[in-house]
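Undergrad: I am sharing input-v6.csv, which consists of CSV, C-alpha atoms:
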chain,number,residue,atom,x,y,z
A,1,ILE,CA,-0.4,11.9,28.5
A,2,ASP,CA,-3.0,14.1,27.1
A,3,LEU,CA,-5.6,11.9,25.5
A,4,ALA,CA,-8.0,14.9,24.9
A,5,ALA,CA,-9.5,15.9,21.7
A,6,SER,CA,-6.1,17.2,20.4
A,7,ARG,CA,-5.3,13.8,19.0
A,8,LYS,CA,-7.5,13.0,16.0
A,9,ARG,CA,-8.4,9.4,16.0
A,10,ARG,CA,-8.9,7.6,12.8
A,11,SER,CA,-11.4,4.9,12.8
A,12,ARG,CA,-10.5,1.6,11.2
A,13,TRP,CA,-14.0,0.3,11.0
A,14,GLY,CA,-15.6,-0.1,7.6
A,15,ASP,CA,-19.3,-0.3,7.0
A,16,THR,CA,-19.4,-2.9,4.3
A,17,SER,CA,-19.2,-6.6,4.9
A,18,THR,CA,-18.2,-8.8,2.1
A,19,GLU,CA,-18.5,-12.6,2.5
A,20,ILE,CA,-16.3,-14.8,0.4
A,21,PRO,CA,-18.5,-17.7,-0.7
A,22,GLY,CA,-17.7,-20.9,1.3
A,23,LEU,CA,-15.7,-19.0,3.9
A,24,PRO,CA,-18.1,-17.9,6.7
A,25,THR,CA,-17.0,-15.1,9.0
A,26,ALA,CA,-19.4,-15.9,11.9
A,27,ILE,CA,-18.2,-19.4,12.8
A,28,SER,CA,-18.7,-22.0,15.4
A,29,ALA,CA,-15.8,-22.8,17.8
A,30,THR,CA,-17.3,-26.1,19.0
A,31,GLY,CA,-14.8,-28.8,18.8
A,32,VAL,CA,-12.3,-26.6,17.0
A,33,SER,CA,-8.8,-26.0,18.4
A,34,GLN,CA,-7.2,-22.5,18.6
A,35,ALA,CA,-4.6,-23.6,16.1
A,36,GLN,CA,-7.4,-24.6,13.7
A,37,LEU,CA,-9.0,-21.2,14.1
A,38,ASP,CA,-5.8,-19.5,13.4
A,39,ASN,CA,-5.2,-21.6,10.3
A,40,TYR,CA,-8.7,-20.7,9.1
A,41,ALA,CA,-8.0,-17.0,9.6
A,42,ILE,CA,-4.8,-17.4,7.4
A,43,HIS,CA,-6.8,-19.2,4.8
A,44,LEU,CA,-9.5,-16.5,4.7
A,45,ARG,CA,-7.0,-13.7,4.6
A,46,LEU,CA,-5.2,-15.3,1.7
A,47,GLU,CA,-8.5,-15.5,-0.2
A,48,GLU,CA,-9.1,-11.9,0.7
A,49,ILE,CA,-5.7,-10.8,-0.5
A,50,ASN,CA,-6.1,-12.7,-3.8
A,51,ARG,CA,-9.4,-11.1,-4.4
A,52,LYS,CA,-8.2,-7.6,-3.7
A,53,LEU,CA,-5.2,-8.1,-6.0
A,54,ARG,CA,-7.4,-9.6,-8.7
A,55,LEU,CA,-9.9,-6.8,-8.6
A,56,ASN,CA,-7.3,-4.1,-8.2
A,57,ASP,CA,-8.9,-3.1,-5.0
A,58,PHE,CA,-6.0,-2.6,-2.7
A,59,VAL,CA,-5.6,1.1,-2.1
A,60,PRO,CA,-7.4,1.8,1.2
A,61,PRO,CA,-9.7,4.7,1.6
A,62,GLU,CA,-8.0,7.9,2.6
A,63,ARG,CA,-8.8,7.7,6.3
A,64,GLU,CA,-7.1,4.3,6.6
A,65,ARG,CA,-3.9,5.4,4.8
A,66,SER,CA,-0.6,6.1,6.4
A,67,PRO,CA,1.5,9.1,5.3
A,68,SER,CA,3.1,8.6,1.9
A,69,PRO,CA,6.9,8.2,1.8
A,70,PRO,CA,8.9,10.7,-0.4
A,71,PRO,CA,8.7,9.8,-4.1
A,72,THR,CA,11.4,7.8,-5.7
A,73,TYR,CA,12.0,7.6,-9.4
A,74,ASP,CA,13.6,5.2,-11.9
A,75,GLY,CA,16.2,6.0,-14.5
A,76,GLN,CA,13.5,7.4,-16.9
A,77,GLY,CA,12.2,9.7,-14.3
A,78,ARG,CA,9.0,7.7,-13.7
A,79,ARG,CA,7.8,7.5,-10.2
A,80,VAL,CA,8.5,4.0,-8.7
A,81,ASN,CA,6.7,4.1,-5.4
A,82,THR,CA,3.2,5.1,-6.4
A,83,ARG,CA,0.4,4.4,-4.0
A,84,GLU,CA,-0.7,1.5,-6.2
A,85,VAL,CA,2.7,0.0,-6.2
A,86,ARG,CA,3.2,0.4,-2.5
A,87,TYR,CA,-0.1,-1.1,-1.5
A,88,ARG,CA,0.2,-4.0,-4.0
A,89,LYS,CA,3.6,-4.8,-2.7
A,90,LYS,CA,2.3,-4.7,0.9
A,91,LEU,CA,-0.3,-7.3,0.2
A,92,GLU,CA,2.1,-9.5,-1.8
A,93,ASP,CA,4.5,-9.5,1.0
A,94,GLU,CA,1.8,-10.3,3.5
A,95,ARG,CA,0.7,-13.2,1.3
A,96,ILE,CA,4.3,-14.6,1.4
A,97,ARG,CA,4.4,-14.4,5.2
A,98,LEU,CA,1.0,-16.0,5.5
A,99,VAL,CA,1.9,-18.9,3.2
A,100,ASP,CA,5.2,-19.4,5.0
A,101,ARG,CA,3.4,-19.6,8.3
A,102,ALA,CA,0.6,-21.9,7.0
A,103,MET,CA,3.1,-24.3,5.5
A,104,LYS,CA,4.6,-24.7,9.0
A,105,THR,CA,1.4,-25.0,11.0
A,106,ASP,CA,-1.2,-26.6,8.7
A,107,PRO,CA,-0.3,-30.0,7.3
A,108,ASN,CA,-3.2,-29.8,4.8
A,109,PHE,CA,-2.2,-26.5,3.4
A,110,ARG,CA,-1.4,-26.2,-0.3
A,111,PRO,CA,0.3,-22.9,-1.3
A,112,PRO,CA,-1.5,-21.0,-4.1
A,113,VAL,CA,0.2,-20.8,-7.6
A,114,GLU,CA,0.8,-17.1,-7.2
A,115,TYR,CA,3.1,-17.8,-4.2
A,116,HIS,CA,5.6,-19.8,-6.3
A,117,GLN,CA,5.5,-17.2,-9.1
A,118,GLN,CA,6.2,-14.4,-6.7
A,119,LYS,CA,8.9,-16.3,-4.8
A,120,ARG,CA,10.7,-16.8,-8.1
A,121,SER,CA,10.4,-13.2,-9.2
A,122,GLN,CA,11.4,-11.8,-5.8
A,123,ARG,CA,14.4,-14.1,-5.2
A,124,PRO,CA,16.1,-14.7,-8.5
A,125,SER,CA,18.4,-17.7,-8.5
A,126,GLN,CA,22.0,-17.0,-8.2
B,1,PRO,CA,-4.2,-39.0,13.1
B,2,GLU,CA,-7.4,-37.4,14.2
B,3,ILE,CA,-9.3,-35.7,11.3
B,4,PRO,CA,-10.0,-32.1,12.3
B,5,ARG,CA,-13.6,-31.0,12.3
B,6,PRO,CA,-14.3,-28.6,9.5
B,7,ILE,CA,-15.0,-24.9,10.3
B,8,MET,CA,-18.8,-24.5,10.4
B,9,PRO,CA,-20.9,-21.3,10.3
B,10,ALA,CA,-22.1,-20.2,13.7
B,11,GLY,CA,-25.4,-21.8,14.6
B,12,ASP,CA,-28.0,-20.5,16.9
B,13,ASN,CA,-26.3,-19.2,20.1
B,14,SER,CA,-29.3,-17.9,21.8
B,15,SER,CA,-29.6,-20.7,24.3
B,16,SER,CA,-25.9,-20.6,25.2
B,17,ASP,CA,-24.4,-18.8,28.2
B,18,ALA,CA,-21.0,-18.3,26.5
B,19,ARG,CA,-20.0,-14.6,26.6
B,20,ILE,CA,-16.5,-14.4,25.2
B,21,LEU,CA,-16.2,-13.0,21.6
B,22,LEU,CA,-13.1,-14.0,19.8
B,23,MET,CA,-12.2,-12.0,16.7
B,24,LEU,CA,-9.6,-13.1,14.1
B,25,ASN,CA,-8.1,-11.5,11.0
B,26,MET,CA,-8.5,-8.1,12.7
B,27,VAL,CA,-5.0,-7.0,13.8
B,28,THR,CA,-1.5,-7.8,12.8
B,29,PRO,CA,1.7,-7.6,14.9
B,30,GLU,CA,2.7,-4.4,13.0
B,31,ASP,CA,-0.5,-2.7,14.1
B,32,LEU,CA,0.3,-3.4,17.8
B,33,THR,CA,4.0,-2.5,18.1
B,34,ASN,CA,3.8,1.3,18.5
B,35,ASP,CA,2.4,2.4,21.9
B,36,ASP,CA,0.5,5.4,20.5
B,37,GLU,CA,-1.0,3.4,17.6
B,38,PHE,CA,-1.9,0.6,20.0
B,39,GLY,CA,-3.7,2.9,22.4
B,40,ASP,CA,-5.6,4.4,19.4
B,41,LEU,CA,-6.5,1.0,18.0
B,42,TYR,CA,-7.6,-0.3,21.5
B,43,GLU,CA,-10.0,2.6,21.9
B,44,ASP,CA,-11.3,2.2,18.4
B,45,VAL,CA,-12.1,-1.5,19.1
B,46,LYS,CA,-13.5,-0.8,22.6
B,47,GLU,CA,-15.9,1.9,21.5
B,48,GLU,CA,-17.4,-0.3,18.8
B,49,CYS,CA,-17.7,-3.4,21.0
B,50,GLU,CA,-19.5,-1.4,23.7
B,51,ASN,CA,-22.3,-0.8,21.2
B,52,PHE,CA,-23.4,-4.3,21.8
B,53,GLY,CA,-23.4,-4.5,25.6
B,54,ILE,CA,-21.2,-4.1,28.7
B,55,VAL,CA,-17.6,-5.1,28.1
B,56,GLU,CA,-16.0,-6.7,31.1
B,57,ASP,CA,-12.6,-7.4,29.6
B,58,LEU,CA,-11.0,-6.7,26.3
B,59,ARG,CA,-7.6,-8.2,25.4
B,60,ILE,CA,-5.5,-7.5,22.3
B,61,PRO,CA,-2.2,-9.4,22.9
B,62,ARG,CA,0.8,-7.4,21.8
B,63,PRO,CA,4.1,-8.7,20.3
B,64,VAL,CA,7.2,-8.9,22.4
B,65,LYS,CA,9.4,-5.9,22.4
B,66,LYS,CA,12.1,-6.4,19.8
B,67,ASP,CA,15.4,-5.8,21.5
B,68,LYS,CA,17.6,-4.1,18.9
B,69,SER,CA,20.9,-5.4,20.5
B,70,LYS,CA,19.8,-9.0,19.8
B,71,TRP,CA,19.1,-8.2,16.2
B,72,ALA,CA,22.6,-8.0,15.0
B,73,PRO,CA,23.2,-9.8,11.7
B,74,GLY,CA,24.4,-13.4,12.1
B,75,ASP,CA,23.0,-16.5,13.8
B,76,GLY,CA,22.1,-14.8,17.0
B,77,GLY,CA,19.9,-12.2,15.3
B,78,GLN,CA,18.2,-14.9,13.2
B,79,MET,CA,17.4,-17.0,16.2
B,80,ALA,CA,16.0,-14.0,18.1
B,81,ALA,CA,13.7,-13.1,15.2
B,82,GLN,CA,12.4,-16.7,15.0
B,83,ASP,CA,12.0,-16.9,18.7
B,84,ALA,CA,10.1,-13.6,18.8
B,85,VAL,CA,7.6,-14.9,16.1
B,86,ARG,CA,7.1,-18.1,18.1
B,87,ILE,CA,6.5,-16.3,21.3
B,88,ASP,CA,4.1,-13.9,19.7
B,89,GLU,CA,2.1,-16.8,18.2
B,90,ALA,CA,1.9,-18.6,21.5
B,91,ALA,CA,0.8,-15.4,23.2
B,92,GLY,CA,-2.1,-15.1,20.8
B,93,VAL,CA,-0.9,-12.0,18.9
B,94,GLY,CA,-3.4,-11.3,16.2
B,95,ARG,CA,-6.4,-12.3,18.2
B,96,VAL,CA,-8.9,-10.0,19.9
B,97,TYR,CA,-10.9,-11.2,22.9
B,98,VAL,CA,-14.0,-9.4,24.3
B,99,LYS,CA,-15.7,-10.7,27.4
B,100,TYR,CA,-19.2,-9.4,27.7
B,101,ALA,CA,-21.3,-9.1,30.9
B,102,ASP,CA,-23.9,-11.5,29.4
B,103,ALA,CA,-24.3,-14.0,26.5
B,104,ALA,CA,-27.0,-12.0,24.7
B,105,SER,CA,-24.5,-9.1,24.2
B,106,ALA,CA,-21.9,-11.5,22.9
B,107,GLY,CA,-24.4,-12.9,20.5
B,108,ARG,CA,-25.4,-9.5,19.2
B,109,ALA,CA,-21.7,-8.6,18.8
B,110,LEU,CA,-21.1,-11.8,16.8
B,111,LYS,CA,-23.9,-10.9,14.4
B,112,GLY,CA,-22.9,-7.3,14.2
B,113,LEU,CA,-19.1,-7.6,13.9
B,114,ALA,CA,-18.4,-10.8,11.9
B,115,GLY,CA,-17.6,-9.9,8.3
B,116,ARG,CA,-17.2,-6.2,9.1
B,117,SER,CA,-14.1,-4.6,7.7
B,118,PHE,CA,-11.4,-3.4,10.1
B,119,ALA,CA,-8.4,-1.7,8.5
B,120,GLY,CA,-9.2,-3.5,5.3
B,121,ARG,CA,-9.5,-7.0,6.9
B,122,SER,CA,-12.7,-9.0,7.2
B,123,ILE,CA,-13.3,-9.9,10.8
B,124,ILE,CA,-13.8,-13.6,11.6
B,125,ALA,CA,-15.8,-13.9,14.9
B,126,THR,CA,-16.8,-16.8,17.1
B,127,ILE,CA,-18.1,-17.3,20.6
B,128,LEU,CA,-16.1,-19.1,23.3
B,129,SER,CA,-17.4,-20.4,26.6
B,130,GLU,CA,-15.9,-19.3,29.8
B,131,ASP,CA,-14.0,-22.6,30.3
B,132,SER,CA,-12.2,-22.2,27.0
B,133,GLN,CA,-8.4,-22.2,27.3
B,134,THR,CA,-7.8,-18.6,26.1
B,135,THR,CA,-4.4,-17.1,25.6
B,136,PRO,CA,-4.1,-14.8,27.5
B,137,PRO,CA,-6.5,-15.9,30.3
B,138,LEU,CA,-9.4,-13.5,30.8
B,139,HIS,CA,-10.6,-12.0,34.0
Give the structure from this file in structure tokens form.
TA:
Amino acid sequence: IDLAASRKRRSRWGDTSTEIPGLPTAISATGVSQAQLDNYAIHLRLEEINRKLRLNDFVPPERERSPSPPPTYDGQGRRVNTREVRYRKKLEDERIRLVDRAMKTDPNFRPPVEYHQQKRSQRPSQ
Amino acid sequence: PEIPRPIMPAGDNSSSDARILLMLNMVTPEDLTNDDEFGDLYEDVKEECENFGIVEDLRIPRPVKKDKSKWAPGDGGQMAAQDAVRIDEAAGVGRVYVKYADAASAGRALKGLAGRSFAGRSIIATILSEDSQTTPPLH
């Protein structure tokens, strides 16, 4: 395989670090199990997702984006899969997966209100 | 049942000889499935980690290969999907381990990388001692 300069590598690293109050990112592992660490990571990610959605800060900078899919339109000719819609959906789907996982592994976990709202809207009762 | 200890901010690690950096909330199974993308990501992580000292081992556990034939609709497919998720979780998919040549490098990396954004996710970092039961085991 040719790993030479031909392939342009995109860096995923960002410069900014934003701390969520009360959720440190440099943490101590003393006396903490791996499962607890993983649960903490889920918890922090959920806060991070909620914050991004609240602040409408969910479209990544260009270098972190993947190629856009072909546009799709609704009956009125409005584009349905805009960048905003796609990335918002991505985070909402991730939130559902994280909550599902946390409910299985963390007995102290309480799902956020948005979770129930979203579950209801995504899976209408039959 | 035992009350788990709360997660505490990292204290002063300067007197410790622990040299394994564990990073969480950094990669997802989807990032690790494709071979090309994985190679790319691995190099991206390695380069940045080497800024803090000599890296002896870097592990980014990958999800199990999804066998398409087992993913037929029906009970068999469902079971396979659940099994795959369980296997991935047990294998530590989603974690990134970096073993430095010395504790000072690991300490610098902790300070430098915790809270940094990686593909839009804030990295959680902690230092593990050599006798920690890591999945996968490090060399």
Undergrad: What are the closest atom pairs, with distances in Å to one decimal, for all residues of chain A lying within 6 Å of chain B? Consider only C-alpha atoms, order rows by chain and residue number, and present the result as a Markdown table.
TA:
| residue | atom | partner | partner_atom | distance |
| --- | --- | --- | --- | --- |
| A:Arg12 | CA | B:Ala119 | CA | 4.8 |
| A:Trp13 | CA | B:Phe118 | CA | 4.6 |
| A:Gly14 | CA | B:Ser117 | CA | 4.7 |
| A:Ser17 | CA | B:Arg116 | CA | 4.7 |
| A:Pro24 | CA | B:Pro9 | CA | 5.7 |
| A:Thr25 | CA | B:Ile124 | CA | 4.4 |
| A:Ala26 | CA | B:Ala125 | CA | 5.1 |
| A:Ile27 | CA | B:Ala10 | CA | 4.1 |
| A:Ser28 | CA | B:Ala10 | CA | 4.2 |
| A:Ala41 | CA | B:Asn25 | CA | 5.7 |
Undergrad: Could you jot down the atom CA of Leu44 of chain A to atom CA of Gly22 of chain A separation for me, Å, one decimal place?
TA: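 Answer for the atom CA of Leu44 of chain A to atom CA of Gly22 of chain A separation: 9.9 Å.
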Undergrad: Which neighbours of Arg101 of chain A fall inside 12 Å, counting only C-alpha atoms, when residues of the same chain fewer than 6 positions from it are skipped, and could you give them as a JSON list (two decimals) with C-alpha atoms, in the coordinates of the input?
TA:
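Output contents, as saved in around.json:
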[["chain", "number", "residue", "atom", "x", "y", "z"],
["A", 35, "ALA", "CA", -4.60, -23.60, 16.10],
["A", 38, "ASP", "CA", -5.80, -19.50, 13.40],
["A", 39, "ASN", "CA", -5.20, -21.60, 10.30],
["A", 41, "ALA", "CA", -8.00, -17.00, 9.60],
["A", 42, "ILE", "CA", -4.80, -17.40, 7.40],
["A", 43, "HIS", "CA", -6.80, -19.20, 4.80],
["A", 46, "LEU", "CA", -5.20, -15.30, 1.70],
["A", 94, "GLU", "CA", 1.80, -10.30, 3.50],
["A", 95, "ARG", "CA", 0.70, -13.20, 1.30],
["A", 107, "PRO", "CA", -0.30, -30.00, 7.30],
["A", 109, "PHE", "CA", -2.20, -26.50, 3.40],
["A", 110, "ARG", "CA", -1.40, -26.20, -0.30],
["A", 111, "PRO", "CA", 0.30, -22.90, -1.30],
["B", 82, "GLN", "CA", 12.40, -16.70, 15.00],
["B", 85, "VAL", "CA", 7.60, -14.90, 16.10],
["B", 86, "ARG", "CA", 7.10, -18.10, 18.10],
["B", 89, "GLU", "CA", 2.10, -16.80, 18.20]]
Undergrad: Quick one: everything within 12 Å of Ile96 of chain A, counting all atoms listed in the file, minus sequence neighbours fewer than 2 positions away in the same chain. Send it as JSON, numbers by chain.
TA: {"A": [42, 45, 46, 49, 50, 89, 90, 91, 92, 93, 94, 98, 99, 100, 101, 102, 103, 111, 112, 113, 114, 115, 116, 117, 118, 119, 120, 122]}
Undergrad: Let me make sure I understand: among A:Lys104, A:Arg88, A:Arg78, A:Arg83, which one has the smallest atom-to-atom distance to Phe58 of chain A if we use all atoms listed in the file?
TA: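 Among the listed residues, A:Arg88 lies closest to Phe58 of chain A.
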Undergrad: What does the structure give for the distance between atom CA of Ser16 of chain B and atom CA of Ala104 of chain B, in Å to one decimal?
TA: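 Between atom CA of Ser16 of chain B and atom CA of Ala104 of chain B the gap works out to 8.7 Å.
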Undergrad: Determine the nearest neighbour of Glu130 of chain B from the options B:Glu30, B:Asp35, B:Asp17, B:Glu50, counting all atoms listed in the file.
TA: B:Asp17
Undergrad: Could you please determine the separation between atom CA of Thr18 of chain A and atom CA of Glu48 of chain A in Å, to one decimal place?
TA: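 Result for atom CA of Thr18 of chain A versus atom CA of Glu48 of chain A: 9.7 Å, one decimal.
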Undergrad: Please determine, counting only C-alpha atoms, which residue among B:Ala103, B:Val98, B:Arg19, B:Leu32 has the shortest atom-to-atom distance to Glu47 of chain B.
TA: B:Val98
